Amino acid sequence: MDGILRNFSKLLLVQSPIQQFNRTLIILKRRHPVQLQKKNSKHKPILKGRHYIYDIEENPERMKQKKIDVILTQYVEGLGHQGELVSVRPTYAYDQLLLPKLAIYASPDNLERMKNNLYQTKDEEKPSSIHALQTMKYLKKMVVSVSMNKDEPWTIEPWHIRVSLRKMNVHVLSDDSIELPEQPISGPDLTLEGKSFVVYITINKKEKVPVECNLHHWSTKLADRLPRTKFFTRTPVPILPEQAELLMSMRENSNQN
């Protein structure tokens, strides 16, 4: 009895190999055809080394997967709004949309429900575009350096912000999309050097996002130019006291993301 128990305990310690089967079909074709056996002949064709050389005719893993249609059950950034029919790769659809329940298959029943607006979102709840929320997140993280003349008088206008954004590869098509603070910011004033203020940018005439701007005085004379500081890493100092709390919350959210 003790021997049986010892043998049984040894069997429990043996780790069974994990076998994983892949049901992939690959179609091959001989590069050099084999001579067929003649009728009523007892001699089978002799296979030589060249007859074991194959070319791949069809490999599903290398074939481009056909896209499938799914219906979004909620807004997906960069893809579409709730109730929209989109075509995506099968692996992306299954892993990123169907499993998280962000979409459903475009079956005839689901398509009929979509026509009946069961999956539709009200227009006022929709973002203005599929990239609007991504653009808002990107702008909130930015700190825009606004360079103003050190020698000539100026007052910050929307086109100053538009040009500064363009230097950072952000193109605002109209100055009407830029909202400045109610209190004008004028200079040159070296007490404002390196301090920050907030402007609002409207995306597609719908979403409004606050953007932090940092003021820098710039001179055409090389000897009079001020050194640039790493303003985007240090705590922002507001030009307008009423924007202090907003600036701090924007910077904290940017660091968390």
# chains A, B, ... in the order shown; residues from 1 in each chain; ligands from 1
call {"tool": "residues_around", "arguments": {"residues": "A:Ile27", "least_positions_apart": "4", "cutoff": "7 Å", "atoms": "only C-alpha atoms", "output": "list of chain:residue names"}}
result
A:Ile56, A:Glu57, A:Glu58, A:Asn59
call {"tool": "write_last_selection", "arguments": {"atoms": "C-alpha atoms", "output": "CSV table (one decimal), in the first residue's frame"}}
result
chain,number,residue,atom,x,y,z
A,56,ILE,CA,3.3,28.6,-50.5
A,57,GLU,CA,0.2,29.0,-52.6
A,58,GLU,CA,-2.0,30.4,-49.8
A,59,ASN,CA,-1.3,31.3,-46.2
call {"tool": "residues_around", "arguments": {"residues": "A:Pro158", "least_positions_apart": "4", "cutoff": "7 Å", "atoms": "only C-alpha atoms", "output": "VMD selection string"}}
result
chain A and resid 162 175 178 180
call {"tool": "residues_around", "arguments": {"residues": "A:Thr135", "least_positions_apart": "2", "cutoff": "12 Å", "atoms": "only C-alpha atoms", "output": "list of chain:residue names"}}
result
A:Glu77, A:Gly78, A:Pro127, A:Ser128, A:Ser129, A:Ile130, A:His131, A:Ala132, A:Leu133, A:Lys137, A:Tyr138, A:Leu139, A:Lys140, A:Lys141, A:Met142, A:Val170, A:His171, A:Val172, A:Ile201, A:Thr202, A:Ile203, A:Asn204, A:Glu207, A:Lys208, A:Val209, A:Pro210, A:Val211
call {"tool": "select_by_dssp", "arguments": {"residues": "stretch 153-201 of chain A", "states": "helix (DSSP H, G or I)", "output": "list in words"}}
result
Pro158, Trp159, His160, Ile161, Arg162, Val163, Ser164, Leu165, Arg166, Lys167, Asp175, Asp176, Ser177, Leu190, Thr191 and Leu192 of chain A
call {"tool": "write_last_selection", "arguments": {"atoms": "N, CA and C atoms", "output": "mmCIF file, in the first residue's frame"}}
result
data_model
loop_
_atom_site.group_PDB
_atom_site.id
_atom_site.type_symbol
_atom_site.label_atom_id
_atom_site.label_comp_id
_atom_site.auth_asym_id
_atom_site.auth_seq_id
_atom_site.Cartn_x
_atom_site.Cartn_y
_atom_site.Cartn_z
ATOM 1 N N PRO A 158 -5.769 87.928 -30.510
ATOM 2 C CA PRO A 158 -5.932 86.519 -30.893
ATOM 3 C C PRO A 158 -4.908 86.024 -31.906
ATOM 4 N N TRP A 159 -4.492 86.891 -32.830
ATOM 5 C CA TRP A 159 -3.552 86.415 -33.844
ATOM 6 C C TRP A 159 -2.184 86.094 -33.245
ATOM 7 N N HIS A 160 -1.820 86.725 -32.099
ATOM 8 C CA HIS A 160 -0.579 86.357 -31.430
ATOM 9 C C HIS A 160 -0.635 84.904 -30.948
ATOM 10 N N ILE A 161 -1.771 84.518 -30.410
ATOM 11 C CA ILE A 161 -1.944 83.138 -29.922
ATOM 12 C C ILE A 161 -1.960 82.183 -31.109
ATOM 13 N N ARG A 162 -2.615 82.576 -32.190
ATOM 14 C CA ARG A 162 -2.689 81.710 -33.373
ATOM 15 C C ARG A 162 -1.294 81.440 -33.938
ATOM 16 N N VAL A 163 -0.461 82.477 -34.014
ATOM 17 C CA VAL A 163 0.896 82.302 -34.531
ATOM 18 C C VAL A 163 1.726 81.437 -33.590
ATOM 19 N N SER A 164 1.567 81.638 -32.285
ATOM 20 C CA SER A 164 2.325 80.840 -31.314
ATOM 21 C C SER A 164 1.925 79.374 -31.391
ATOM 22 N N LEU A 165 0.643 79.102 -31.596
ATOM 23 C CA LEU A 165 0.186 77.724 -31.748
ATOM 24 C C LEU A 165 0.721 77.108 -33.036
ATOM 25 N N ARG A 166 0.793 77.914 -34.085
ATOM 26 C CA ARG A 166 1.296 77.406 -35.364
ATOM 27 C C ARG A 166 2.750 76.962 -35.246
ATOM 28 N N LYS A 167 3.521 77.653 -34.399
ATOM 29 C CA LYS A 167 4.914 77.249 -34.172
ATOM 30 C C LYS A 167 4.993 75.880 -33.511
ATOM 31 N N ASP A 175 -9.276 83.474 -36.087
ATOM 32 C CA ASP A 175 -9.066 84.144 -34.804
ATOM 33 C C ASP A 175 -10.331 84.146 -33.959
ATOM 34 N N ASP A 176 -11.479 83.944 -34.579
ATOM 35 C CA ASP A 176 -12.731 83.911 -33.827
ATOM 36 C C ASP A 176 -12.803 82.701 -32.895
ATOM 37 N N SER A 177 -11.961 81.696 -33.147
ATOM 38 C CA SER A 177 -11.952 80.506 -32.300
ATOM 39 C C SER A 177 -11.114 80.690 -31.041
ATOM 40 N N LEU A 190 8.472 93.715 -18.016
ATOM 41 C CA LEU A 190 9.339 92.625 -17.576
ATOM 42 C C LEU A 190 8.840 91.959 -16.295
ATOM 43 N N THR A 191 7.897 92.584 -15.594
ATOM 44 C CA THR A 191 7.328 91.926 -14.411
ATOM 45 C C THR A 191 6.408 90.764 -14.814
ATOM 46 N N LEU A 192 6.038 90.730 -16.084
ATOM 47 C CA LEU A 192 5.190 89.647 -16.587
ATOM 48 C C LEU A 192 6.008 88.517 -17.208
#
call {"tool": "residues_around", "arguments": {"residues": "A:Lys150", "least_positions_apart": "6", "cutoff": "10 Å", "atoms": "only C-alpha atoms", "output": "short mmCIF file (atom, residue, chain, number, x, y, z; two decimals) with N, CA, C and O atoms, in the first residue's frame"}}
result
data_model
loop_
_atom_site.label_atom_id
_atom_site.label_comp_id
_atom_site.auth_asym_id
_atom_site.auth_seq_id
_atom_site.Cartn_x
_atom_site.Cartn_y
_atom_site.Cartn_z
N GLY A 187 2.22 95.32 -22.89
CA GLY A 187 3.62 95.41 -22.54
C GLY A 187 4.37 96.30 -23.52
O GLY A 187 3.74 97.00 -24.32
N PRO A 188 5.68 96.29 -23.50
CA PRO A 188 6.51 95.35 -22.72
C PRO A 188 6.50 95.65 -21.22
O PRO A 188 6.48 96.80 -20.81
N ASP A 189 6.49 94.58 -20.44
CA ASP A 189 6.47 94.67 -18.99
C ASP A 189 7.25 93.46 -18.46
O ASP A 189 6.75 92.34 -18.46
N LEU A 190 8.47 93.71 -18.02
CA LEU A 190 9.34 92.62 -17.58
C LEU A 190 8.84 91.96 -16.29
O LEU A 190 9.31 90.87 -15.95
N HIS A 216 6.78 85.52 -22.96
CA HIS A 216 8.24 85.69 -23.05
C HIS A 216 8.54 86.94 -23.87
O HIS A 216 7.96 87.15 -24.94
N HIS A 217 9.43 87.75 -23.35
CA HIS A 217 9.86 88.95 -24.06
C HIS A 217 11.04 88.61 -24.97
O HIS A 217 12.01 88.00 -24.53
N TRP A 218 10.92 89.03 -26.22
CA TRP A 218 11.93 88.72 -27.22
C TRP A 218 12.40 90.01 -27.88
O TRP A 218 11.62 90.93 -28.14
N SER A 219 13.71 90.08 -28.13
CA SER A 219 14.29 91.28 -28.73
C SER A 219 15.00 90.92 -30.03
O SER A 219 15.56 89.82 -30.16
N THR A 220 14.99 91.87 -30.97
CA THR A 220 15.71 91.66 -32.22
C THR A 220 17.22 91.78 -32.01
O THR A 220 18.00 91.27 -32.80
N LYS A 221 17.60 92.45 -30.93
CA LYS A 221 19.02 92.61 -30.63
C LYS A 221 19.49 91.40 -29.82
O LYS A 221 18.93 91.08 -28.77
N ASP A 224 20.29 91.86 -26.11
CA ASP A 224 19.19 92.20 -25.20
C ASP A 224 18.21 91.04 -24.98
O ASP A 224 17.23 91.20 -24.26
N ARG A 225 18.46 89.91 -25.61
CA ARG A 225 17.52 88.80 -25.48
C ARG A 225 17.61 88.15 -24.10
O ARG A 225 18.69 87.98 -23.53
N LEU A 226 16.46 87.78 -23.57
CA LEU A 226 16.39 87.13 -22.26
C LEU A 226 16.48 85.61 -22.43
O LEU A 226 15.99 85.06 -23.42
#
call {"tool": "atom_distance", "arguments": {"atom1": "atom CA of A:Leu28", "atom2": "atom CA of A:Lys67"}}
result
25.9 Å
call {"tool": "atom_distance", "arguments": {"atom1": "atom CA of A:Ile26", "atom2": "atom CA of A:Tyr94"}}
result
23.9 Å
call {"tool": "closest_residue", "arguments": {"among": "A:Arg251, A:Lys195, A:Lys115, A:Lys205", "to": "A:Pro238", "atoms": "only C-alpha atoms"}}
result
A:Lys195
call {"tool": "atom_distance", "arguments": {"atom1": "atom CA of A:Glu84", "atom2": "atom CA of A:Gln134"}}
result
18.4 Å
call {"tool": "residues_around", "arguments": {"residues": "A:Tyr75", "least_positions_apart": "5", "cutoff": "10 Å", "atoms": "only C-alpha atoms", "output": "list in words"}}
result
Gly80, His81, Gln82, Gly83, Glu84, Leu102, Ala103, Thr121, Lys126, Pro127 and Ile130 of chain A
call {"tool": "select_by_dssp", "arguments": {"residues": "stretch 79-239 of chain A", "states": "strand (DSSP E or B)", "output": "tab-separated table (two decimals) with all heavy atoms, in the first residue's frame"}}
result
chain	number	residue	atom	x	y	z
A	80	GLY	N	-15.69	56.80	-34.04
A	80	GLY	CA	-17.03	57.22	-34.42
A	80	GLY	C	-17.93	57.45	-33.22
A	80	GLY	O	-17.54	57.23	-32.06
A	85	LEU	N	-22.13	52.94	-37.97
A	85	LEU	CA	-21.65	51.68	-38.54
A	85	LEU	C	-20.22	51.91	-39.04
A	85	LEU	O	-19.99	52.76	-39.89
A	85	LEU	CB	-22.56	51.24	-39.69
A	85	LEU	CG	-22.23	49.91	-40.36
A	85	LEU	CD1	-22.52	48.75	-39.41
A	85	LEU	CD2	-23.05	49.75	-41.64
A	86	VAL	N	-19.27	51.14	-38.49
A	86	VAL	CA	-17.86	51.31	-38.86
A	86	VAL	C	-17.30	49.96	-39.29
A	86	VAL	O	-17.77	48.90	-38.87
A	86	VAL	CB	-17.03	51.88	-37.69
A	86	VAL	CG1	-17.49	53.28	-37.33
A	86	VAL	CG2	-17.12	50.98	-36.47
A	87	SER	N	-16.29	50.01	-40.14
A	87	SER	CA	-15.60	48.81	-40.62
A	87	SER	C	-14.20	48.78	-40.03
A	87	SER	O	-13.43	49.72	-40.22
A	87	SER	CB	-15.53	48.80	-42.15
A	87	SER	OG	-16.82	48.74	-42.72
A	88	VAL	N	-13.88	47.70	-39.33
A	88	VAL	CA	-12.58	47.57	-38.67
A	88	VAL	C	-12.05	46.15	-38.88
A	88	VAL	O	-12.78	45.25	-39.32
A	88	VAL	CB	-12.68	47.87	-37.16
A	88	VAL	CG1	-13.01	49.33	-36.91
A	88	VAL	CG2	-13.72	46.98	-36.50
A	103	ALA	N	-19.24	47.97	-28.87
A	103	ALA	CA	-19.87	47.79	-30.17
A	103	ALA	C	-20.56	46.43	-30.20
A	103	ALA	O	-20.34	45.58	-29.33
A	103	ALA	CB	-18.85	47.90	-31.31
A	104	ILE	N	-21.42	46.26	-31.18
A	104	ILE	CA	-22.11	44.99	-31.42
A	104	ILE	C	-21.99	44.64	-32.89
A	104	ILE	O	-21.67	45.49	-33.73
A	104	ILE	CB	-23.60	45.08	-31.01
A	104	ILE	CG1	-24.28	46.22	-31.78
A	104	ILE	CG2	-23.76	45.26	-29.52
A	104	ILE	CD1	-25.77	46.32	-31.52
A	105	TYR	N	-22.19	43.37	-33.19
A	105	TYR	CA	-22.12	42.93	-34.58
A	105	TYR	C	-23.22	43.60	-35.40
A	105	TYR	O	-24.34	43.86	-34.91
A	105	TYR	CB	-22.26	41.42	-34.68
A	105	TYR	CG	-21.03	40.66	-34.25
A	105	TYR	CD1	-21.01	39.97	-33.04
A	105	TYR	CD2	-19.89	40.65	-35.04
A	105	TYR	CE1	-19.88	39.27	-32.64
A	105	TYR	CE2	-18.76	39.96	-34.64
A	105	TYR	CZ	-18.76	39.26	-33.44
A	105	TYR	OH	-17.64	38.58	-33.04
A	143	VAL	N	1.56	73.86	-23.09
A	143	VAL	CA	1.91	75.16	-22.54
A	143	VAL	C	2.51	75.95	-23.69
A	143	VAL	O	3.62	75.66	-24.15
A	143	VAL	CB	2.90	75.05	-21.37
A	143	VAL	CG1	3.20	76.45	-20.82
A	143	VAL	CG2	2.36	74.16	-20.28
A	144	VAL	N	1.78	76.95	-24.17
A	144	VAL	CA	2.15	77.68	-25.37
A	144	VAL	C	3.03	78.87	-25.00
A	144	VAL	O	2.65	79.71	-24.17
A	144	VAL	CB	0.90	78.15	-26.14
A	144	VAL	CG1	1.30	78.87	-27.42
A	144	VAL	CG2	0.00	76.98	-26.44
A	145	SER	N	4.20	78.96	-25.60
A	145	SER	CA	5.08	80.09	-25.38
A	145	SER	C	4.69	81.22	-26.33
A	145	SER	O	4.74	81.06	-27.56
A	145	SER	CB	6.54	79.68	-25.62
A	145	SER	OG	7.40	80.80	-25.47
A	146	VAL	N	4.31	82.36	-25.76
A	146	VAL	CA	3.90	83.53	-26.54
A	146	VAL	C	5.03	84.56	-26.46
A	146	VAL	O	5.27	85.15	-25.41
A	146	VAL	CB	2.58	84.12	-26.03
A	146	VAL	CG1	2.17	85.32	-26.88
A	146	VAL	CG2	1.50	83.07	-26.03
A	147	SER	N	5.75	84.74	-27.55
A	147	SER	CA	6.89	85.68	-27.58
A	147	SER	C	6.41	87.05	-28.05
A	147	SER	O	5.85	87.18	-29.14
A	147	SER	CB	7.98	85.15	-28.53
A	147	SER	OG	8.47	83.91	-28.06
A	148	MET	N	6.67	88.07	-27.23
A	148	MET	CA	6.26	89.44	-27.54
A	148	MET	C	7.50	90.34	-27.55
A	148	MET	O	8.52	90.04	-26.90
A	148	MET	CB	5.24	89.95	-26.51
A	148	MET	CG	4.00	89.07	-26.39
A	148	MET	SD	3.10	88.85	-27.93
A	148	MET	CE	2.50	90.51	-28.20
A	149	ASN	N	7.39	91.45	-28.28
A	149	ASN	CA	8.53	92.34	-28.47
A	149	ASN	C	8.93	93.01	-27.16
A	149	ASN	O	8.08	93.48	-26.41
A	149	ASN	CB	8.18	93.40	-29.52
A	149	ASN	CG	9.42	94.06	-30.08
A	149	ASN	OD1	10.18	94.68	-29.36
A	149	ASN	ND2	9.61	93.90	-31.39
A	154	TRP	N	2.84	96.75	-27.15
A	154	TRP	CA	1.94	95.74	-27.73
A	154	TRP	C	0.82	95.42	-26.75
A	154	TRP	O	0.92	95.68	-25.54
A	154	TRP	CB	2.69	94.46	-28.08
A	154	TRP	CG	3.60	93.94	-26.99
A	154	TRP	CD1	4.94	94.13	-26.90
A	154	TRP	CD2	3.23	93.21	-25.81
A	154	TRP	NE1	5.45	93.56	-25.77
A	154	TRP	CE2	4.42	92.97	-25.08
A	154	TRP	CE3	2.03	92.74	-25.31
A	154	TRP	CZ2	4.42	92.29	-23.86
A	154	TRP	CZ3	2.03	92.06	-24.10
A	154	TRP	CH2	3.22	91.83	-23.39
A	155	THR	N	-0.22	94.86	-27.27
A	155	THR	CA	-1.32	94.28	-26.49
A	155	THR	C	-1.67	92.95	-27.13
A	155	THR	O	-1.84	92.87	-28.36
A	155	THR	CB	-2.56	95.19	-26.48
A	155	THR	OG1	-2.20	96.44	-25.88
A	155	THR	CG2	-3.70	94.55	-25.69
A	178	ILE	N	-10.45	81.85	-30.90
A	178	ILE	CA	-9.58	82.11	-29.76
A	178	ILE	C	-10.22	83.18	-28.88
A	178	ILE	O	-10.53	84.28	-29.36
A	178	ILE	CB	-8.18	82.55	-30.23
A	178	ILE	CG1	-7.55	81.47	-31.10
A	178	ILE	CG2	-7.29	82.87	-29.03
A	178	ILE	CD1	-6.25	81.88	-31.75
A	179	GLU	N	-10.41	82.86	-27.63
A	179	GLU	CA	-11.02	83.80	-26.68
A	179	GLU	C	-9.96	84.22	-25.65
A	179	GLU	O	-9.42	83.38	-24.93
A	179	GLU	CB	-12.20	83.14	-25.97
A	179	GLU	CG	-12.89	84.04	-24.96
A	179	GLU	CD	-14.03	83.34	-24.26
A	179	GLU	OE1	-14.57	82.35	-24.82
A	179	GLU	OE2	-14.38	83.76	-23.13
A	186	SER	N	-0.88	93.87	-21.71
A	186	SER	CA	-0.10	94.78	-22.53
A	186	SER	C	1.34	94.82	-22.03
A	186	SER	O	1.65	94.43	-20.90
A	186	SER	CB	-0.70	96.19	-22.51
A	186	SER	OG	-2.04	96.16	-22.97
A	187	GLY	N	2.22	95.32	-22.89
A	187	GLY	CA	3.62	95.41	-22.54
A	187	GLY	C	4.37	96.30	-23.52
A	187	GLY	O	3.74	97.00	-24.32
A	196	SER	N	2.11	83.17	-16.62
A	196	SER	CA	1.16	82.45	-17.48
A	196	SER	C	-0.22	83.07	-17.44
A	196	SER	O	-0.59	83.76	-16.48
A	196	SER	CB	1.07	80.98	-17.04
A	196	SER	OG	2.32	80.34	-17.13
A	197	PHE	N	-0.99	82.80	-18.48
A	197	PHE	CA	-2.40	83.18	-18.55
A	197	PHE	C	-3.13	82.12	-19.37
A	197	PHE	O	-2.51	81.27	-20.04
A	197	PHE	CB	-2.58	84.58	-19.16
A	197	PHE	CG	-2.06	84.72	-20.56
A	197	PHE	CD1	-2.92	84.63	-21.65
A	197	PHE	CD2	-0.71	84.93	-20.81
A	197	PHE	CE1	-2.45	84.75	-22.94
A	197	PHE	CE2	-0.23	85.06	-22.10
A	197	PHE	CZ	-1.09	84.96	-23.17
A	198	VAL	N	-4.44	82.17	-19.33
A	198	VAL	CA	-5.26	81.14	-19.96
A	198	VAL	C	-6.10	81.76	-21.06
A	198	VAL	O	-6.73	82.82	-20.87
A	198	VAL	CB	-6.19	80.43	-18.94
A	198	VAL	CG1	-7.08	79.40	-19.63
A	198	VAL	CG2	-5.35	79.75	-17.86
A	199	VAL	N	-6.12	81.12	-22.22
A	199	VAL	CA	-7.04	81.48	-23.30
A	199	VAL	C	-7.93	80.27	-23.58
A	199	VAL	O	-7.61	79.14	-23.18
A	199	VAL	CB	-6.27	81.88	-24.58
A	199	VAL	CG1	-5.37	83.07	-24.32
A	199	VAL	CG2	-5.46	80.71	-25.13
A	200	TYR	N	-9.03	80.51	-24.27
A	200	TYR	CA	-9.95	79.43	-24.62
A	200	TYR	C	-10.00	79.29	-26.13
A	200	TYR	O	-10.11	80.27	-26.86
A	200	TYR	CB	-11.35	79.72	-24.07
A	200	TYR	CG	-11.45	79.58	-22.57
A	200	TYR	CD1	-11.18	80.67	-21.74
A	200	TYR	CD2	-11.80	78.37	-21.99
A	200	TYR	CE1	-11.26	80.56	-20.36
A	200	TYR	CE2	-11.88	78.25	-20.61
A	200	TYR	CZ	-11.61	79.34	-19.81
A	200	TYR	OH	-11.68	79.21	-18.44
A	201	ILE	N	-9.93	78.03	-26.57
A	201	ILE	CA	-10.00	77.73	-27.99
A	201	ILE	C	-11.26	76.91	-28.24
A	201	ILE	O	-11.50	75.90	-27.56
A	201	ILE	CB	-8.75	76.96	-28.45
A	201	ILE	CG1	-7.51	77.82	-28.27
A	201	ILE	CG2	-8.89	76.53	-29.92
A	201	ILE	CD1	-6.22	77.14	-28.66
A	202	THR	N	-12.04	77.32	-29.22
A	202	THR	CA	-13.27	76.62	-29.57
A	202	THR	C	-13.01	75.70	-30.75
A	202	THR	O	-12.46	76.13	-31.77
A	202	THR	CB	-14.38	77.62	-29.92
A	202	THR	OG1	-14.57	78.52	-28.82
A	202	THR	CG2	-15.69	76.88	-30.21
A	203	ILE	N	-13.40	74.43	-30.60
A	203	ILE	CA	-13.18	73.42	-31.63
A	203	ILE	C	-14.49	73.20	-32.38
A	203	ILE	O	-15.52	72.85	-31.77
A	203	ILE	CB	-12.70	72.09	-31.01
A	203	ILE	CG1	-11.41	72.33	-30.21
A	203	ILE	CG2	-12.48	71.04	-32.08
A	203	ILE	CD1	-10.97	71.13	-29.42
A	207	GLU	N	-16.94	72.59	-28.88
A	207	GLU	CA	-16.18	72.34	-27.66
A	207	GLU	C	-15.23	73.51	-27.37
A	207	GLU	O	-14.58	74.02	-28.28
A	207	GLU	CB	-15.37	71.04	-27.78
A	207	GLU	CG	-16.22	69.78	-27.85
A	207	GLU	CD	-16.62	69.41	-29.25
A	207	GLU	OE1	-16.22	70.13	-30.19
A	207	GLU	OE2	-17.32	68.41	-29.41
A	208	LYS	N	-15.17	73.89	-26.11
A	208	LYS	CA	-14.28	74.97	-25.70
A	208	LYS	C	-13.29	74.41	-24.69
A	208	LYS	O	-13.67	73.78	-23.70
A	208	LYS	CB	-15.09	76.11	-25.08
A	208	LYS	CG	-14.24	77.33	-24.69
A	208	LYS	CD	-15.09	78.43	-24.08
A	208	LYS	CE	-16.00	79.05	-25.12
A	208	LYS	NZ	-16.70	80.25	-24.56
A	209	VAL	N	-12.00	74.65	-24.94
A	209	VAL	CA	-10.94	74.07	-24.11
A	209	VAL	C	-9.99	75.17	-23.65
A	209	VAL	O	-9.59	76.03	-24.44
A	209	VAL	CB	-10.19	72.97	-24.89
A	209	VAL	CG1	-9.68	73.49	-26.21
A	209	VAL	CG2	-9.04	72.40	-24.08
A	210	PRO	N	-9.63	75.18	-22.35
A	210	PRO	CA	-8.65	76.17	-21.87
A	210	PRO	C	-7.23	75.74	-22.22
A	210	PRO	O	-6.89	74.56	-22.14
A	210	PRO	CB	-8.88	76.16	-20.35
A	210	PRO	CG	-9.40	74.79	-20.05
A	210	PRO	CD	-10.19	74.36	-21.26
A	211	VAL	N	-6.40	76.70	-22.59
A	211	VAL	CA	-5.02	76.44	-22.97
A	211	VAL	C	-4.12	77.41	-22.20
A	211	VAL	O	-4.37	78.62	-22.17
A	211	VAL	CB	-4.80	76.61	-24.48
A	211	VAL	CG1	-3.35	76.37	-24.84
A	211	VAL	CG2	-5.70	75.67	-25.26
A	212	GLU	N	-3.07	76.87	-21.58
A	212	GLU	CA	-2.13	77.70	-20.83
A	212	GLU	C	-1.12	78.35	-21.78
A	212	GLU	O	-0.55	77.68	-22.64
A	212	GLU	CB	-1.40	76.86	-19.78
A	212	GLU	CG	-0.38	77.67	-18.98
A	212	GLU	CD	0.40	76.83	-18.00
A	212	GLU	OE1	-0.01	75.67	-17.75
A	212	GLU	OE2	1.44	77.32	-17.49
A	213	CYS	N	-0.91	79.64	-21.59
A	213	CYS	CA	0.09	80.37	-22.38
A	213	CYS	C	1.10	81.00	-21.44
A	213	CYS	O	0.76	81.43	-20.33
A	213	CYS	CB	-0.58	81.47	-23.21
A	213	CYS	SG	-1.77	80.86	-24.43
A	214	ASN	N	2.35	81.04	-21.89
A	214	ASN	CA	3.43	81.61	-21.08
A	214	ASN	C	4.06	82.76	-21.84
A	214	ASN	O	4.42	82.62	-23.02
A	214	ASN	CB	4.48	80.54	-20.77
A	214	ASN	CG	5.54	81.03	-19.82
A	214	ASN	OD1	6.54	81.59	-20.23
A	214	ASN	ND2	5.31	80.81	-18.53
A	215	LEU	N	4.20	83.90	-21.17
A	215	LEU	CA	4.67	85.12	-21.83
A	215	LEU	C	6.20	85.20	-21.79
A	215	LEU	O	6.82	84.97	-20.74
A	215	LEU	CB	4.05	86.34	-21.15
A	215	LEU	CG	4.36	87.70	-21.79
A	215	LEU	CD1	3.82	87.76	-23.20
A	215	LEU	CD2	3.78	88.82	-20.95
A	216	HIS	N	6.78	85.52	-22.96
A	216	HIS	CA	8.24	85.69	-23.05
A	216	HIS	C	8.54	86.94	-23.87
A	216	HIS	O	7.96	87.15	-24.94
A	216	HIS	CB	8.87	84.46	-23.71
A	216	HIS	CG	10.34	84.60	-23.95
A	216	HIS	ND1	11.27	84.62	-22.94
A	216	HIS	CD2	11.05	84.75	-25.11
A	216	HIS	CE1	12.47	84.75	-23.44
A	216	HIS	NE2	12.38	84.84	-24.76
A	217	HIS	N	9.43	87.75	-23.35
A	217	HIS	CA	9.86	88.95	-24.06
A	217	HIS	C	11.04	88.61	-24.97
A	217	HIS	O	12.01	88.00	-24.53
A	217	HIS	CB	10.26	90.05	-23.07
A	217	HIS	CG	9.10	90.64	-22.34
A	217	HIS	ND1	8.53	90.03	-21.23
A	217	HIS	CD2	8.40	91.78	-22.55
A	217	HIS	CE1	7.54	90.77	-20.78
A	217	HIS	NE2	7.43	91.85	-21.56
A	218	TRP	N	10.92	89.03	-26.22
A	218	TRP	CA	11.93	88.72	-27.22
A	218	TRP	C	12.40	90.01	-27.88
A	218	TRP	O	11.62	90.93	-28.14
A	218	TRP	CB	11.35	87.77	-28.27
A	218	TRP	CG	12.34	87.29	-29.28
A	218	TRP	CD1	13.17	86.23	-29.17
A	218	TRP	CD2	12.58	87.85	-30.57
A	218	TRP	NE1	13.93	86.07	-30.31
A	218	TRP	CE2	13.58	87.08	-31.20
A	218	TRP	CE3	12.06	88.94	-31.28
A	218	TRP	CZ2	14.08	87.34	-32.46
A	218	TRP	CZ3	12.55	89.22	-32.54
A	218	TRP	CH2	13.54	88.42	-33.12
A	238	PRO	N	0.51	83.10	-12.27
A	238	PRO	CA	-0.50	83.74	-13.11
A	238	PRO	C	-0.26	85.23	-13.30
A	238	PRO	O	0.18	85.93	-12.37
A	238	PRO	CB	-1.80	83.48	-12.33
A	238	PRO	CG	-1.37	83.37	-10.91
A	238	PRO	CD	0.01	82.75	-10.93
call {"tool": "decode", "arguments": {"residues": "stretch 184-193 of chain A", "atoms": "N, CA and C atoms", "output": "PDB file, in the first residue's frame"}}
result
ATOM      1  N   PRO A 184      -7.151  93.126 -20.666  1.00  0.00           N
ATOM      2  CA  PRO A 184      -6.074  93.126 -21.667  1.00  0.00           C
ATOM      3  C   PRO A 184      -4.710  92.918 -21.015  1.00  0.00           C
ATOM      4  N   ILE A 185      -3.833  92.271 -21.745  1.00  0.00           N
ATOM      5  CA  ILE A 185      -2.449  92.065 -21.301  1.00  0.00           C
ATOM      6  C   ILE A 185      -1.555  92.858 -22.240  1.00  0.00           C
ATOM      7  N   SER A 186      -0.884  93.866 -21.708  1.00  0.00           N
ATOM      8  CA  SER A 186      -0.095  94.783 -22.528  1.00  0.00           C
ATOM      9  C   SER A 186       1.339  94.817 -22.029  1.00  0.00           C
ATOM     10  N   GLY A 187       2.216  95.321 -22.890  1.00  0.00           N
ATOM     11  CA  GLY A 187       3.617  95.407 -22.539  1.00  0.00           C
ATOM     12  C   GLY A 187       4.367  96.303 -23.515  1.00  0.00           C
ATOM     13  N   PRO A 188       5.679  96.287 -23.499  1.00  0.00           N
ATOM     14  CA  PRO A 188       6.512  95.355 -22.717  1.00  0.00           C
ATOM     15  C   PRO A 188       6.496  95.645 -21.223  1.00  0.00           C
ATOM     16  N   ASP A 189       6.487  94.584 -20.440  1.00  0.00           N
ATOM     17  CA  ASP A 189       6.467  94.665 -18.985  1.00  0.00           C
ATOM     18  C   ASP A 189       7.247  93.464 -18.459  1.00  0.00           C
ATOM     19  N   LEU A 190       8.472  93.715 -18.016  1.00  0.00           N
ATOM     20  CA  LEU A 190       9.339  92.625 -17.576  1.00  0.00           C
ATOM     21  C   LEU A 190       8.840  91.959 -16.295  1.00  0.00           C
ATOM     22  N   THR A 191       7.897  92.584 -15.594  1.00  0.00           N
ATOM     23  CA  THR A 191       7.328  91.926 -14.411  1.00  0.00           C
ATOM     24  C   THR A 191       6.408  90.764 -14.814  1.00  0.00           C
ATOM     25  N   LEU A 192       6.038  90.730 -16.084  1.00  0.00           N
ATOM     26  CA  LEU A 192       5.190  89.647 -16.587  1.00  0.00           C
ATOM     27  C   LEU A 192       6.008  88.517 -17.208  1.00  0.00           C
ATOM     28  N   GLU A 193       7.321  88.684 -17.281  1.00  0.00           N
ATOM     29  CA  GLU A 193       8.179  87.687 -17.929  1.00  0.00           C
ATOM     30  C   GLU A 193       8.062  86.315 -17.239  1.00  0.00           C
TER      31      GLU A 193
END
